[in-house]
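Have a look at run_39.cif; it's mmCIF, C-alpha atoms and all ligand atoms:
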data_structure
loop_
_atom_site.label_atom_id
_atom_site.label_comp_id
_atom_site.auth_asym_id
_atom_site.auth_seq_id
_atom_site.Cartn_x
_atom_site.Cartn_y
_atom_site.Cartn_z
CA MET C 1 -38.02 2.56 -30.27
CA THR C 2 -36.28 5.85 -30.99
CA PHE C 3 -32.53 5.69 -30.52
CA GLU C 4 -30.29 2.66 -30.79
CA ILE C 5 -26.68 3.30 -29.93
CA GLU C 6 -24.55 0.29 -30.79
CA ASN C 7 -20.89 -0.22 -29.90
CA VAL C 8 -20.17 3.48 -30.32
CA SER C 9 -16.66 4.79 -29.79
CA LYS C 10 -15.26 8.19 -30.68
CA THR C 11 -11.61 9.15 -30.86
CA PHE C 12 -10.14 12.57 -31.48
CA VAL C 13 -6.64 13.27 -32.69
CA SER C 14 -5.03 15.68 -30.27
CA LYS C 15 -3.41 18.64 -31.99
CA ASP C 16 -0.12 18.74 -30.08
CA ASN C 17 1.14 15.15 -29.92
CA LYS C 18 -0.94 13.75 -32.74
CA GLU C 19 -2.12 10.93 -30.53
CA GLU C 20 -5.56 9.39 -30.70
CA VAL C 21 -7.63 10.22 -27.64
CA TYR C 22 -10.68 8.14 -26.80
CA ALA C 23 -13.56 10.41 -25.82
CA LEU C 24 -16.14 7.61 -25.74
CA GLN C 25 -15.67 3.86 -25.67
CA ASP C 26 -18.14 1.11 -26.43
CA ILE C 27 -21.42 2.82 -25.71
CA ASN C 28 -24.49 0.59 -26.02
CA LEU C 29 -27.85 2.08 -25.21
CA THR C 30 -31.46 1.98 -26.39
CA ILE C 31 -33.70 4.94 -25.72
CA GLU C 32 -37.42 4.37 -26.18
CA THR C 33 -39.77 6.97 -27.65
CA GLY C 34 -41.13 9.44 -25.12
CA LYS C 35 -38.47 8.80 -22.50
CA PHE C 36 -36.54 11.47 -20.70
CA VAL C 37 -32.94 10.31 -20.38
CA SER C 38 -30.21 12.33 -18.67
CA PHE C 39 -26.47 11.90 -19.06
CA VAL C 40 -24.28 12.77 -16.13
CA GLY C 41 -20.61 12.19 -15.31
CA PRO C 42 -17.32 13.91 -14.53
CA SER C 43 -16.33 16.91 -16.59
CA GLY C 44 -14.65 15.89 -19.86
CA CYS C 45 -16.11 12.37 -19.86
CA GLY C 46 -17.70 12.76 -23.28
CA LYS C 47 -21.28 13.88 -22.57
CA THR C 48 -21.29 16.65 -25.17
CA THR C 49 -19.51 14.37 -27.65
CA LEU C 50 -22.20 11.71 -27.24
CA LEU C 51 -25.00 14.20 -27.77
CA ARG C 52 -23.27 15.64 -30.86
CA LEU C 53 -22.93 12.14 -32.31
CA ILE C 54 -26.61 11.39 -31.71
CA GLU C 55 -27.59 14.64 -33.40
CA GLY C 56 -25.29 13.86 -36.32
CA PHE C 57 -22.97 16.86 -36.02
CA GLU C 58 -20.18 14.29 -36.00
CA ASN C 59 -20.00 10.58 -36.75
CA PRO C 60 -18.74 7.82 -34.46
CA THR C 61 -15.29 6.36 -35.09
CA GLU C 62 -16.78 2.92 -34.49
CA GLY C 63 -20.35 1.69 -34.13
CA THR C 64 -23.68 3.06 -35.27
CA ILE C 65 -26.45 5.29 -34.01
CA LYS C 66 -29.98 4.79 -35.34
CA ASP C 67 -32.97 7.08 -35.00
CA ASP C 68 -36.16 5.12 -35.65
CA GLY C 69 -34.18 2.54 -37.57
CA GLU C 70 -32.25 4.99 -39.73
CA ILE C 71 -28.52 5.41 -39.29
CA VAL C 72 -27.70 8.95 -38.21
CA THR C 73 -25.11 10.58 -40.46
CA GLU C 74 -26.09 14.25 -40.30
CA PRO C 75 -28.39 16.60 -38.39
CA SER C 76 -32.12 16.28 -39.06
CA SER C 77 -35.22 18.33 -38.34
CA HIS C 78 -36.54 15.27 -36.45
CA ARG C 79 -34.04 16.16 -33.76
CA GLY C 80 -33.91 19.55 -32.08
CA PHE C 81 -30.64 20.51 -30.41
CA ILE C 82 -30.31 23.18 -27.74
CA PHE C 83 -26.75 24.23 -27.05
CA GLN C 84 -25.25 25.38 -23.79
CA ASN C 85 -24.86 28.91 -25.14
CA TYR C 86 -27.36 29.23 -27.86
CA SER C 87 -26.96 32.26 -30.07
CA LEU C 88 -30.08 33.91 -31.37
CA PHE C 89 -30.37 35.80 -34.62
CA PRO C 90 -29.31 39.31 -33.55
CA TRP C 91 -31.31 41.00 -36.29
CA LEU C 92 -34.62 39.41 -35.22
CA ASN C 93 -36.64 40.35 -32.17
CA VAL C 94 -37.70 37.77 -29.56
CA MET C 95 -40.99 36.86 -31.24
CA ASP C 96 -39.37 36.49 -34.65
CA ASN C 97 -36.57 34.39 -33.19
CA VAL C 98 -39.15 32.08 -31.63
CA MET C 99 -41.19 31.95 -34.84
CA PHE C 100 -38.16 31.21 -36.98
CA GLY C 101 -38.70 27.78 -38.48
CA LEU C 102 -42.43 27.97 -37.92
CA GLU C 103 -42.71 30.41 -40.79
CA ILE C 104 -42.12 27.63 -43.26
CA ARG C 105 -44.94 25.55 -41.85
CA GLU C 106 -48.31 26.21 -43.34
CA LYS C 107 -50.17 27.31 -40.28
CA PRO C 108 -51.73 30.76 -40.16
CA ALA C 109 -49.25 33.30 -38.80
CA LYS C 110 -51.71 34.43 -36.18
CA GLU C 111 -52.11 30.95 -34.76
CA ASN C 112 -48.34 30.53 -34.57
CA GLU C 113 -47.95 33.90 -32.92
CA GLU C 114 -50.55 33.10 -30.29
CA ARG C 115 -48.83 29.83 -29.56
CA ALA C 116 -45.45 31.54 -29.32
CA MET C 117 -46.90 34.18 -27.00
CA LYS C 118 -48.34 31.52 -24.71
CA TYR C 119 -44.89 29.97 -24.31
CA LEU C 120 -43.18 33.33 -23.86
CA GLU C 121 -45.68 34.22 -21.18
CA ALA C 122 -45.04 30.96 -19.37
CA VAL C 123 -41.34 31.79 -19.04
CA GLY C 124 -41.90 35.45 -18.14
CA LEU C 125 -40.94 36.94 -21.48
CA LYS C 126 -44.30 38.24 -22.64
CA ASP C 127 -43.24 41.85 -22.26
CA SER C 128 -39.97 41.22 -24.09
CA ALA C 129 -41.48 39.89 -27.33
CA LYS C 130 -40.42 42.97 -29.27
CA LYS C 131 -36.94 43.25 -27.76
CA TYR C 132 -33.76 42.34 -29.61
CA PRO C 133 -31.18 39.84 -28.31
CA HIS C 134 -28.70 42.58 -27.27
CA GLU C 135 -31.35 43.93 -24.89
CA LEU C 136 -31.68 40.60 -23.04
CA SER C 137 -29.73 38.97 -20.22
CA GLY C 138 -28.03 35.61 -20.81
CA GLY C 139 -30.82 33.78 -19.01
CA MET C 140 -33.49 35.51 -21.09
CA LYS C 141 -31.69 34.61 -24.32
CA GLN C 142 -31.50 31.00 -23.26
CA ARG C 143 -35.21 30.96 -22.52
CA VAL C 144 -35.93 32.29 -26.00
CA ALA C 145 -33.74 29.57 -27.51
CA ILE C 146 -35.54 26.89 -25.49
CA ILE C 147 -38.98 28.11 -26.53
CA ARG C 148 -37.86 28.22 -30.16
CA SER C 149 -36.81 24.58 -30.02
CA ILE C 150 -39.90 23.43 -28.17
CA ILE C 151 -42.27 25.13 -30.57
CA ASN C 152 -40.64 23.51 -33.58
CA ASP C 153 -42.17 20.15 -32.79
CA SER C 154 -39.27 17.84 -33.53
CA LYS C 155 -39.72 14.24 -32.37
CA SER C 156 -36.81 14.51 -29.99
CA LEU C 157 -34.94 17.26 -28.20
CA LEU C 158 -31.25 17.05 -27.36
CA MET C 159 -30.18 19.46 -24.67
CA ASP C 160 -26.64 20.15 -23.52
CA GLU C 161 -26.54 21.84 -20.10
CA THR C 162 -29.40 23.95 -21.35
CA PHE C 163 -30.55 25.23 -17.97
CA SER C 164 -27.16 25.70 -16.37
CA ALA C 165 -26.98 29.48 -16.78
CA LEU C 166 -30.47 30.15 -15.42
CA ASP C 167 -31.45 31.31 -11.95
CA VAL C 168 -33.07 28.63 -9.81
CA GLN C 169 -36.61 29.98 -10.09
CA THR C 170 -36.57 30.16 -13.88
CA LYS C 171 -34.82 26.82 -14.04
CA HIS C 172 -37.50 25.11 -11.96
CA LYS C 173 -40.25 26.68 -14.05
CA LEU C 174 -38.69 25.52 -17.31
CA GLN C 175 -38.03 22.05 -15.94
CA LYS C 176 -41.74 21.71 -15.19
CA GLN C 177 -42.67 22.96 -18.61
CA ILE C 178 -40.23 20.73 -20.46
CA HIS C 179 -41.54 17.76 -18.57
CA GLU C 180 -45.17 18.58 -19.34
CA ILE C 181 -44.48 19.05 -23.04
CA CYS C 182 -42.44 15.89 -23.23
CA GLN C 183 -45.30 13.90 -21.71
CA ARG C 184 -48.05 15.54 -23.70
CA LYS C 185 -46.30 15.19 -27.05
CA ASN C 186 -44.49 11.98 -26.30
CA LYS C 187 -41.18 13.64 -27.14
CA THR C 188 -37.94 11.89 -26.45
CA ILE C 189 -35.53 14.03 -24.48
CA LEU C 190 -31.78 13.48 -24.19
CA PHE C 191 -30.47 15.76 -21.56
CA VAL C 192 -26.88 16.44 -20.54
CA THR C 193 -26.48 18.07 -17.15
CA HIS C 194 -24.12 18.31 -14.21
CA ASP C 195 -27.04 19.20 -11.96
CA ILE C 196 -28.07 15.92 -10.31
CA ASP C 197 -31.13 17.46 -8.67
CA GLU C 198 -32.33 18.44 -12.13
CA ALA C 199 -31.62 14.97 -13.53
CA VAL C 200 -33.57 13.27 -10.73
CA TYR C 201 -36.42 15.75 -11.04
CA LEU C 202 -36.89 15.15 -14.76
CA SER C 203 -35.60 11.77 -15.86
CA ASP C 204 -37.01 8.35 -16.47
CA SER C 205 -33.41 7.13 -16.53
CA ILE C 206 -30.06 8.65 -15.66
CA VAL C 207 -27.02 7.36 -17.51
CA VAL C 208 -23.87 7.77 -15.45
CA LEU C 209 -20.72 7.93 -17.57
CA SER C 210 -17.26 7.09 -16.27
CA ARG C 211 -14.24 9.34 -16.59
CA ARG C 212 -12.68 9.65 -20.01
CA PRO C 213 -12.88 7.54 -22.06
CA GLY C 214 -16.58 7.73 -21.31
CA ARG C 215 -18.25 4.37 -20.85
CA ILE C 216 -21.60 3.65 -19.32
CA LYS C 217 -20.93 3.11 -15.65
CA LYS C 218 -24.50 2.72 -14.51
CA ILE C 219 -28.08 3.39 -15.52
CA VAL C 220 -30.41 4.52 -12.75
CA ASP C 221 -34.16 4.31 -13.41
CA ILE C 222 -36.15 6.91 -11.52
CA LYS C 223 -39.60 5.63 -10.76
CA LEU C 224 -40.91 8.49 -8.57
CA GLU C 225 -44.32 9.91 -9.49
CA HIS C 226 -44.63 13.27 -11.25
CA PRO C 227 -44.67 16.07 -10.30
CA ARG C 228 -41.71 15.13 -8.14
CA ASN C 229 -41.18 16.56 -4.73
CA ARG C 230 -37.67 17.70 -3.86
CA ASP C 231 -38.44 17.32 -0.16
CA ASP C 232 -39.31 13.65 -0.54
CA PRO C 233 -36.67 11.59 1.33
CA GLU C 234 -36.54 9.16 -1.60
CA PHE C 235 -35.76 12.05 -3.96
CA LYS C 236 -32.99 13.32 -1.68
CA LYS C 237 -31.54 9.85 -1.34
CA LEU C 238 -31.29 9.43 -5.12
CA VAL C 239 -29.64 12.83 -5.51
CA SER C 240 -27.04 12.10 -2.86
CA GLU C 241 -26.33 8.58 -4.15
CA ILE C 242 -25.72 9.74 -7.71
CA THR C 243 -23.74 12.77 -6.56
CA GLN C 244 -21.51 10.46 -4.52
CA GLU C 245 -21.13 8.10 -7.45
CA ILE C 246 -19.79 10.91 -9.65
CA ALA C 247 -17.53 12.25 -6.89
CA ASP C 248 -16.03 8.74 -6.61
CA LEU C 249 -15.48 8.62 -10.37
CA GLU C 250 -13.75 11.99 -10.22
CA ASP C 251 -11.38 10.70 -7.52
CA GLU C 252 -10.51 7.47 -9.33
N1 LIG C 301 -13.20 18.35 -31.45
C1 LIG C 301 -12.40 17.80 -30.53
N2 LIG C 301 -11.09 17.60 -30.75
C2 LIG C 301 -10.29 17.03 -29.83
N3 LIG C 301 -10.70 16.62 -28.64
C3 LIG C 301 -12.00 16.78 -28.32
C4 LIG C 301 -12.92 17.40 -29.25
N4 LIG C 301 -14.17 17.44 -28.67
C5 LIG C 301 -14.01 16.89 -27.44
N5 LIG C 301 -12.74 16.49 -27.24
C6 LIG C 301 -12.22 15.83 -26.04
O1 LIG C 301 -13.07 14.74 -25.72
C7 LIG C 301 -13.28 14.63 -24.32
C8 LIG C 301 -14.77 14.71 -24.01
O2 LIG C 301 -15.22 16.04 -24.21
P1 LIG C 301 -16.72 16.48 -23.98
O3 LIG C 301 -17.61 15.59 -24.75
O4 LIG C 301 -16.82 17.93 -24.27
O5 LIG C 301 -16.92 16.22 -22.41
P2 LIG C 301 -18.07 16.71 -21.40
O6 LIG C 301 -19.16 17.32 -22.20
O7 LIG C 301 -18.48 15.47 -20.68
O8 LIG C 301 -17.43 17.67 -20.45
C9 LIG C 301 -12.47 15.75 -23.70
O9 LIG C 301 -11.22 15.21 -23.30
C10 LIG C 301 -12.29 16.73 -24.82
O10 LIG C 301 -11.11 17.47 -24.66
MG MG C 302 -20.05 19.25 -22.19
#
Can you dump the structure from the file as structure tokens?
Ligand SMILES: Nc1ncnc2c1ncn2[C@@H]1O[C@H](COP(=O)(O)OP(=O)(O)O)[C@@H](O)[C@H]1O
Ligand SMILES: [Mg+2]
Amino acid sequence: MTFEIENVSKTFVSKDNKEEVYALQDINLTIETGKFVSFVGPSGCGKTTLLRLIEGFENPTEGTIKDDGEIVTEPSSHRGFIFQNYSLFPWLNVMDNVMFGLEIREKPAKENEERAMKYLEAVGLKDSAKKYPHELSGGMKQRVAIIRSIINDSKSLLMDETFSALDVQTKHKLQKQIHEICQRKNKTILFVTHDIDEAVYLSDSIVVLSRRPGRIKKIVDIKLEHPRNRDDPEFKKLVSEITQEIADLEDE
């Protein structure tokens, strides 16, 4: 059992009127090791807040979050976090950005570099290994950030709209890769997205959050075989049902 989220609420004090605003209310959820769980819901419903709490960037106002039985109070190297707009180290080239963090592990540099190159090649960045971040497009930078997190072998990966800035082709490629790695290494993935197609393609379960204050509205288990086929009528049906569900929440 990886994550246990128990009675979690989070309030923020708004700057202007000094009122308490509930971002999340009474979230209860268990996420088993090796599962791919997506969080979807209307904009502003607390998806990013929930992910930040699970990482330990912030603490819940009420309730507890446990990672393998330990209460989360601060970020840990057990949990990798990939932001929506990840910034790379501008003074390091692509390869060195990817290798950052691996350096401290005691594997031979050559082995690490070969591994890094394999990943870079898979996302079409082999020829950019020596380039610096200012020479890359936004999508390329994001791919570097993703590879850096994947290669660092944390037990879980928390991703906030990680693929949203990428073109469809790159996105689909990375989705495949993330899924393969997750399966092979039994990684637990917590994935925030507004792209329902992406959520259905990747997830074991999709957690639908209600409008603010975010509560769990519904959990949809996706039992389709992998690799999933976007042309499968069952796939399309799930995408349209969940899309409709969120549209309804937005209208409430
Ligand atoms: N640091 C903060 N201070 C005050 N309000 C915040 C803060 N972070 C988030 N919020 C508020 O909490 C709600 C949920 O935000 P967020 O988690 O970013 O939603 P989502 O990622 O689903 O779009 C929003 O109303 C947002 O304005
Ligand atoms: Mg967000």
message: I'd like the neighbourhood of Thr11 in chain C as a VMD selection string, where a residue qualifies if any of its atoms comes within 8 Å (using all atoms listed in the file), though same-chain residues fewer than 5 positions away should be ignored.
response: chain C and resid 20 to 24 61
Closest of C:Ile5, C:Val220, C:Leu238, C:Val192 to ligand MG 302 (chain C) - atom-to-atom distances counting only C-alpha atoms and all ligand atoms: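 Smallest separation from ligand MG 302 (chain C) among the options: C:Val192.
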task: Give as a VMD selection string the residues surrounding ligand LIG 301 (chain C) up to a distance of 6 Å, considering all atoms listed in the file.
output: chain C and resid 12 to 14 23 43 to 49
message: One number please: CA of Thr188 in chain C to CA of Glu70 in chain C, in Å, one decimal.
response: 16.0 Å
message: Considering only C-alpha atoms and all ligand atoms, can you say which of C:Leu190, C:Leu92, C:Leu202, C:Leu50 comes closest to ligand MG 302 (chain C)?
response: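 Checking each candidate against ligand MG 302 (chain C), we get C:Leu50 as the closest.
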query: What does the distance between CA of Glu180 in chain C and CA of Val168 in chain C come to in Å, to one decimal place?
result: 18.4 Å
message: Applying 9 Å and all atoms listed in the file, which residues near Glu58 in chain C remain after dropping the ones on its own chain fewer than 4 positions away? List them as a ChimeraX atom specification.
response: /C:49,52-54,73-75
- prompt: Restricting the calculation to only C-alpha atoms, which member of C:Phe57, C:Asp26, C:Asp160, C:Glu250 is positioned closest to Lys10 in chain C?
  reply: C:Asp26
query: Which is closer to ligand MG 302 (chain C) than all the others in C:His194, C:Arg143, C:His179, C:Lys66, using only C-alpha atoms and all ligand atoms?
result: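 The closest residue to ligand MG 302 (chain C) is C:His194.
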query: What's the 9 Å shell around Glu161 in chain C, counting only C-alpha atoms, without same-chain residues fewer than 4 positions away, as JSON, numbers by chain?
result: {"C": [48, 82, 83, 84, 85, 165, 191, 192, 193, 194, 195]}
- request: Would you work out the distance separating CA of Ile206 in chain C from CA of Ile27 in chain C, expressed in Å to one decimal?
  value: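 Going from CA of Ile206 in chain C over to CA of Ile27 in chain C, I get 14.5 Å.
Residues in contact with Lys223 in chain C at up to 12 Å, not including ones fewer than 6 positions away on its chain and judged by all atoms listed in the file, are Phe36, Val200, Tyr201, Leu202, Ser203, Asp204, Ser205, Ile206, Glu234, Phe235 and Leu238 of chain C.
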query: Which of these residues is nearest to ligand MG 302 (chain C), using all atoms listed in the file: C:Gly69, C:Gly34, C:Pro42, C:Pro133?
result: C:Pro42
- prompt: Using all atoms listed in the file, which of C:Leu158, C:Ala109, C:Val94, C:Val144 sits nearest Gly56 in chain C?
  reply: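 Checking each candidate against Gly56 in chain C, we get C:Leu158 as the closest.
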task: List the neighbours of range 117-129 of chain C out to 12 Å using only C-alpha atoms; skip same-chain residues closer than 4 positions along the sequence, and give me the result as a PyMOL selection string.
output: chain C and resi 92-99+110-113+133-137+139-151+166+169-178+181
- request: Taking (-25.6, 1.6, -29.0) in the file's own coordinates, collect the residues within 9 Å, counting only C-alpha atoms, and hand them back as an MDAnalysis selection string.
  value: chainID C and resid 3:8 26:30 63:66
What would range 186-209 of chain C look like with N, CA and C atoms restored, written as an mmCIF file, in the frame of the given file?
data_model
loop_
_atom_site.group_PDB
_atom_site.id
_atom_site.type_symbol
_atom_site.label_atom_id
_atom_site.label_comp_id
_atom_site.auth_asym_id
_atom_site.auth_seq_id
_atom_site.Cartn_x
_atom_site.Cartn_y
_atom_site.Cartn_z
ATOM 1 N N ASN C 186 -45.263 13.202 -26.205
ATOM 2 C CA ASN C 186 -44.490 11.980 -26.300
ATOM 3 C C ASN C 186 -43.113 12.201 -26.950
ATOM 4 N N LYS C 187 -42.513 13.325 -26.622
ATOM 5 C CA LYS C 187 -41.180 13.640 -27.140
ATOM 6 C C LYS C 187 -40.124 12.854 -26.377
ATOM 7 N N THR C 188 -39.079 12.537 -27.092
ATOM 8 C CA THR C 188 -37.940 11.890 -26.450
ATOM 9 C C THR C 188 -36.929 12.972 -26.122
ATOM 10 N N ILE C 189 -36.468 12.982 -24.876
ATOM 11 C CA ILE C 189 -35.530 14.030 -24.480
ATOM 12 C C ILE C 189 -34.207 13.406 -24.031
ATOM 13 N N LEU C 190 -33.129 13.882 -24.614
ATOM 14 C CA LEU C 190 -31.780 13.480 -24.190
ATOM 15 C C LEU C 190 -31.138 14.706 -23.593
ATOM 16 N N PHE C 191 -30.734 14.583 -22.356
ATOM 17 C CA PHE C 191 -30.470 15.760 -21.560
ATOM 18 C C PHE C 191 -29.125 15.629 -20.843
ATOM 19 N N VAL C 192 -28.173 16.450 -21.225
ATOM 20 C CA VAL C 192 -26.880 16.440 -20.540
ATOM 21 C C VAL C 192 -26.905 17.491 -19.436
ATOM 22 N N THR C 193 -26.504 17.095 -18.246
ATOM 23 C CA THR C 193 -26.480 18.070 -17.150
ATOM 24 C C THR C 193 -25.420 17.681 -16.127
ATOM 25 N N HIS C 194 -24.963 18.666 -15.351
ATOM 26 C CA HIS C 194 -24.120 18.310 -14.210
ATOM 27 C C HIS C 194 -24.911 18.521 -12.920
ATOM 28 N N ASP C 195 -26.180 18.905 -13.094
ATOM 29 C CA ASP C 195 -27.040 19.200 -11.960
ATOM 30 C C ASP C 195 -27.866 17.938 -11.639
ATOM 31 N N ILE C 196 -27.455 17.220 -10.614
ATOM 32 C CA ILE C 196 -28.070 15.920 -10.310
ATOM 33 C C ILE C 196 -29.519 16.091 -9.845
ATOM 34 N N ASP C 197 -29.764 17.155 -9.106
ATOM 35 C CA ASP C 197 -31.130 17.460 -8.670
ATOM 36 C C ASP C 197 -32.056 17.569 -9.883
ATOM 37 N N GLU C 198 -31.570 18.260 -10.888
ATOM 38 C CA GLU C 198 -32.330 18.440 -12.130
ATOM 39 C C GLU C 198 -32.561 17.091 -12.833
ATOM 40 N N ALA C 199 -31.513 16.278 -12.880
ATOM 41 C CA ALA C 199 -31.620 14.970 -13.530
ATOM 42 C C ALA C 199 -32.651 14.092 -12.821
ATOM 43 N N VAL C 200 -32.620 14.099 -11.490
ATOM 44 C CA VAL C 200 -33.570 13.270 -10.730
ATOM 45 C C VAL C 200 -34.985 13.823 -10.867
ATOM 46 N N TYR C 201 -35.101 15.127 -10.923
ATOM 47 C CA TYR C 201 -36.420 15.750 -11.040
ATOM 48 C C TYR C 201 -37.106 15.361 -12.355
ATOM 49 N N LEU C 202 -36.313 15.278 -13.424
ATOM 50 C CA LEU C 202 -36.890 15.150 -14.760
ATOM 51 C C LEU C 202 -36.884 13.748 -15.369
ATOM 52 N N SER C 203 -35.909 12.927 -15.019
ATOM 53 C CA SER C 203 -35.600 11.770 -15.860
ATOM 54 C C SER C 203 -36.393 10.505 -15.577
ATOM 55 N N ASP C 204 -36.585 9.728 -16.627
ATOM 56 C CA ASP C 204 -37.010 8.350 -16.470
ATOM 57 C C ASP C 204 -35.777 7.501 -16.150
ATOM 58 N N SER C 205 -34.671 7.821 -16.815
ATOM 59 C CA SER C 205 -33.410 7.130 -16.530
ATOM 60 C C SER C 205 -32.259 8.115 -16.542
ATOM 61 N N ILE C 206 -31.281 7.843 -15.691
ATOM 62 C CA ILE C 206 -30.060 8.650 -15.660
ATOM 63 C C ILE C 206 -28.888 7.739 -16.027
ATOM 64 N N VAL C 207 -28.180 8.131 -17.073
ATOM 65 C CA VAL C 207 -27.020 7.360 -17.510
ATOM 66 C C VAL C 207 -25.774 8.002 -16.907
ATOM 67 N N VAL C 208 -25.085 7.252 -16.072
ATOM 68 C CA VAL C 208 -23.870 7.770 -15.450
ATOM 69 C C VAL C 208 -22.669 7.300 -16.279
ATOM 70 N N LEU C 209 -21.899 8.269 -16.773
ATOM 71 C CA LEU C 209 -20.720 7.930 -17.570
ATOM 72 C C LEU C 209 -19.469 7.986 -16.704
#
